[in-house]
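Accompanying notes for the structure given below.
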Amino acid sequence: MTLTPTLAVIGGGQLARMMAQPAIALGLPLRLLAEAEGVSAAQVIPDQMVGDYRDLDTLKKVTEGCDVVTFDHEHVPTEHLRALEEAGVACRPGPEALVHAQDKGVMRERLDEFGGRVGLGQLCPRNAIVQSLADVEAFGFPCVLKTTRGGYDGKGVWIVRSAADADEPLRVVAETAAVNGTRLLAEELVDFRRELSAIVARSPSGQAAAYPVVHTLQVDGVCREVIAPAPDLPPELATHAQEIALTIAKELEVTGILAVELFETTDGRVLVNELAMRPHNTGHWTQDGAVTSQFENHLRAVMDLPLGSPAPRATWSVMVNILGGDNEFPDGGEVGRLYDGYPHALARDPRLRVHLYGKELRPGRKVGHVNTYGDDLDDCLDRARHAAAWFRGNLGNESE
């Protein structure tokens with residue numbers, strides 16, 4: 001009899017938590033390395049240990065007896081992943097792929113290298129690594145400065161319009177370079193119409209599947225809502241965006257989910273902004289709106305199982321994040337717990353799908369999301385925004 005292999009998951013956030021449900025359906029045991037007791041994924045994955053993902057001995061211990069390891073985040077040191085592979089543990093995605101999601105500078109250099117070679121042309125905004133104010137001035141204002149490592153949800157990103165604006169990013173990188181090897185990346189300030197995301201799944205055997213390209217609304221650097229598929233996106237541009245994502249997955253030998261965040265420029269192009277090699281916030285709509293969710297396809301891909309269909313179940317799907325907010329009902333009563341939002345939200349919309357992460361409420365923190373789907377986009381948006389606003393405690397400000 002063939003024993004079912006155990007999959008190790010590094011990181012205890014909501015992405016690991018949402019891998020648990022399809023893992024149960026697949027009969028796939030998960031073993032979790034959580035950063036602390038009681039974190040999001042630790043509430044639902046019983047086989048777990050608490051430890052530091054930056055410690056190689058801890059990584060070896062949690063992966064003992066596991067054939068494959070995957071990740072809730074991209075921050076495990078590359079040299080540790082190589083050591084795990086040398087010990088016979090398949091890292092999916094592997095270290096040579098994951099470094100492109102860990103370091104924006106490395107990613108830009110690689111995409112700039114193969115874009116023309118594979119016939120896709122310019123994949124990234126114009127960019128350069130800068131080390132001084134003189135370098136930034138030579139690159140030209142206005143521009144965007146980004147730390148190559150560690151930034152997320154708008155952190156580590158500055159719009160720079162003058163020499164004075166460059167002081168903070170230059171100081172931040174100078175203070176952190178010796179600690180984590182971060183550099184400062186300068187990019188052109190792209191004139192874009194909106195932000196898109198193309199998500200694909202790829203297995204070690206090379207099978208790949210592409211989800212519909214979606215429109216993402218970012219507020220203060222944080223994803224607020226997603227519409228699938230992106231409205232009014234020309235079919236040829238949607239196909240091109242999927243081709244970009246599939247090509248990146250192949251060229252970088254990604255295994256699992258790859259999310260490619262894109263700018264749709266005002267002159268009709270798409271340019272790569274970010275890469276994520278794990279399930280992604282812009283793919284949460286797939287839990288209820290696609291035949292196979294990004295979480296199930298991530299598990300299938302890293303275990304080299306046949307991939308499921310990425311086809312949508314309805315004409316439109318909408319995901320709206322629930323962020324920690326005022327936490328008050330309109331009548332002034334304290335919400336206290338997100339659970340208290342269920343009676344109103346579910347009674348008002350029996351088709352609503354709610355996904356909470358088991359996290360404490362903090363202002364601006366992602367604590368859950370809601371999904372709606374149907375044939376009327378405006379209806380889907382209204383339902384999702386209303387529910388998310390109710391859970392946030394600011395009903396009446398659904399469009400915020």
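Residues in the structure tokens are numbered from 1 in each chain, the chains being A, B, ... in the order shown, and ligands are numbered from 1 in the order shown.
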
Which residues, written as an MDAnalysis selection string, have at least one atom at most 6 Å from Arg193 in chain A, with only C-alpha atoms counted and residues fewer than 4 positions away on the same chain left out?
chainID A and resid 264:266

Enumerate, as JSON, numbers by chain, the complete set of residues in range 77-212 of chain A that a backbone-based DSSP assignment places in helix (DSSP H, G or I).
{"A": [78, 79, 80, 81, 82, 83, 84, 85, 86, 95, 96, 97, 98, 99, 100, 101, 102, 104, 105, 106, 107, 108, 109, 110, 111, 112, 113, 114, 115, 133, 134, 135, 136, 137, 138, 139, 164, 165, 166, 167, 168, 169, 170, 171, 172, 173, 174, 175, 176, 177, 178, 179, 180]}

Pick from A:Pro363, A:Gly38, A:Pro306, A:Gly283 nearest to Leu15 in chain A, counting only C-alpha atoms
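Smallest distance to Leu15 in chain A is found for A:Gly283.
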
I need the residue nearest Ala209 in chain A from this list: A:Ala311, A:Val272, A:Leu59, A:Ile45. Use only C-alpha atoms for the distance.
A:Ala311

Would you mind writing down, as an mmCIF file with C-alpha atoms, in the first residue's frame, each residue of range 101-131 of chain A that DSSP on the backbone assigns to strand (DSSP E)?
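Full text of result15.cif as output:
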```cif
data_model
loop_
_atom_site.group_PDB
_atom_site.id
_atom_site.type_symbol
_atom_site.label_atom_id
_atom_site.label_comp_id
_atom_site.auth_asym_id
_atom_site.auth_seq_id
_atom_site.Cartn_x
_atom_site.Cartn_y
_atom_site.Cartn_z
ATOM 1 C CA ASN A 127 14.600 50.352 -13.698
ATOM 2 C CA ALA A 128 18.061 50.484 -12.167
ATOM 3 C CA ILE A 129 19.788 49.723 -8.874
ATOM 4 C CA VAL A 130 20.830 52.991 -7.187
#
```

For CA of Lys250 in chain A and CA of Val118 in chain A, determine how far apart the two atoms are, in Å to one decimal place.
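Computed distance, CA of Lys250 in chain A to CA of Val118 in chain A, equals 11.2 Å.
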
Ala42 in chain A surroundings by only C-alpha atoms, 8 Å radius, close-in-sequence under 5 positions cut, as a list in words
Gly12, Arg17, Leu32, Ala34, Glu37 and Gln48 of chain A

Write out as number ranges by chain each polymer residue whose atoms come within 10 Å of Asp349 in chain A, counting only C-alpha atoms; drop sequence neighbours fewer than 5 positions from it.
A: 344, 372, 383-384, 386-387

Residues near Asn297 in chain A, cut-off 12 Å, only C-alpha atoms, skip fewer than 2 positions along chain, as a ChimeraX atom specification
/A:19,22-23,26,199-203,207-211,255-258,278-279,283,286-287,290-295,299-310

Save the residues we just selected, C-alpha atoms, as a PDB file, in the first residue's frame?
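part-v8.pdb was written with the following content:
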```
ATOM      1  CA  MET A  19      -4.582  25.382   2.293  1.00  0.00           C
ATOM      2  CA  PRO A  22      -8.493  21.465   0.189  1.00  0.00           C
ATOM      3  CA  ALA A  23      -5.824  19.351   1.892  1.00  0.00           C
ATOM      4  CA  LEU A  26      -7.467  15.557  -0.969  1.00  0.00           C
ATOM      5  CA  ILE A 199      -2.349  33.868 -11.583  1.00  0.00           C
ATOM      6  CA  VAL A 200      -1.106  30.542 -12.906  1.00  0.00           C
ATOM      7  CA  ALA A 201      -0.352  27.148 -11.412  1.00  0.00           C
ATOM      8  CA  ARG A 202       2.574  25.013 -12.596  1.00  0.00           C
ATOM      9  CA  SER A 203       3.637  21.521 -11.569  1.00  0.00           C
ATOM     10  CA  GLN A 207       1.649  21.136 -16.561  1.00  0.00           C
ATOM     11  CA  ALA A 208       0.245  24.643 -16.203  1.00  0.00           C
ATOM     12  CA  ALA A 209      -3.146  26.288 -15.760  1.00  0.00           C
ATOM     13  CA  ALA A 210      -4.060  29.977 -16.038  1.00  0.00           C
ATOM     14  CA  TYR A 211      -6.878  31.738 -14.164  1.00  0.00           C
ATOM     15  CA  THR A 255       6.209  25.072  -8.915  1.00  0.00           C
ATOM     16  CA  GLY A 256       2.906  25.900  -7.283  1.00  0.00           C
ATOM     17  CA  ILE A 257       0.962  29.134  -7.655  1.00  0.00           C
ATOM     18  CA  LEU A 258       2.574  32.156  -9.286  1.00  0.00           C
ATOM     19  CA  ARG A 278       2.396  31.191  -3.317  1.00  0.00           C
ATOM     20  CA  PRO A 279      -1.372  31.616  -3.124  1.00  0.00           C
ATOM     21  CA  GLY A 283      -6.665  34.848  -6.109  1.00  0.00           C
ATOM     22  CA  THR A 286     -11.182  31.397  -6.705  1.00  0.00           C
ATOM     23  CA  GLN A 287     -12.302  29.747  -3.459  1.00  0.00           C
ATOM     24  CA  ALA A 290     -13.560  28.967  -9.827  1.00  0.00           C
ATOM     25  CA  VAL A 291     -13.912  25.246 -10.437  1.00  0.00           C
ATOM     26  CA  THR A 292     -10.605  24.685  -8.610  1.00  0.00           C
ATOM     27  CA  SER A 293      -9.349  27.214  -6.072  1.00  0.00           C
ATOM     28  CA  GLN A 294      -5.826  28.571  -6.128  1.00  0.00           C
ATOM     29  CA  PHE A 295      -5.236  26.786  -2.805  1.00  0.00           C
ATOM     30  CA  LEU A 299      -1.366  21.706  -3.349  1.00  0.00           C
ATOM     31  CA  ARG A 300      -1.894  19.688  -6.521  1.00  0.00           C
ATOM     32  CA  ALA A 301       1.020  21.445  -8.202  1.00  0.00           C
ATOM     33  CA  VAL A 302       3.586  21.067  -5.415  1.00  0.00           C
ATOM     34  CA  MET A 303       2.657  17.386  -5.047  1.00  0.00           C
ATOM     35  CA  ASP A 304       2.867  16.983  -8.847  1.00  0.00           C
ATOM     36  CA  LEU A 305      -0.772  15.880  -9.142  1.00  0.00           C
ATOM     37  CA  PRO A 306      -2.854  16.727 -12.237  1.00  0.00           C
ATOM     38  CA  LEU A 307      -4.088  20.309 -11.994  1.00  0.00           C
ATOM     39  CA  GLY A 308      -7.748  21.224 -11.667  1.00  0.00           C
ATOM     40  CA  SER A 309      -9.703  23.475 -13.989  1.00  0.00           C
ATOM     41  CA  PRO A 310      -9.206  27.225 -13.373  1.00  0.00           C
TER      42      PRO A 310
END
```
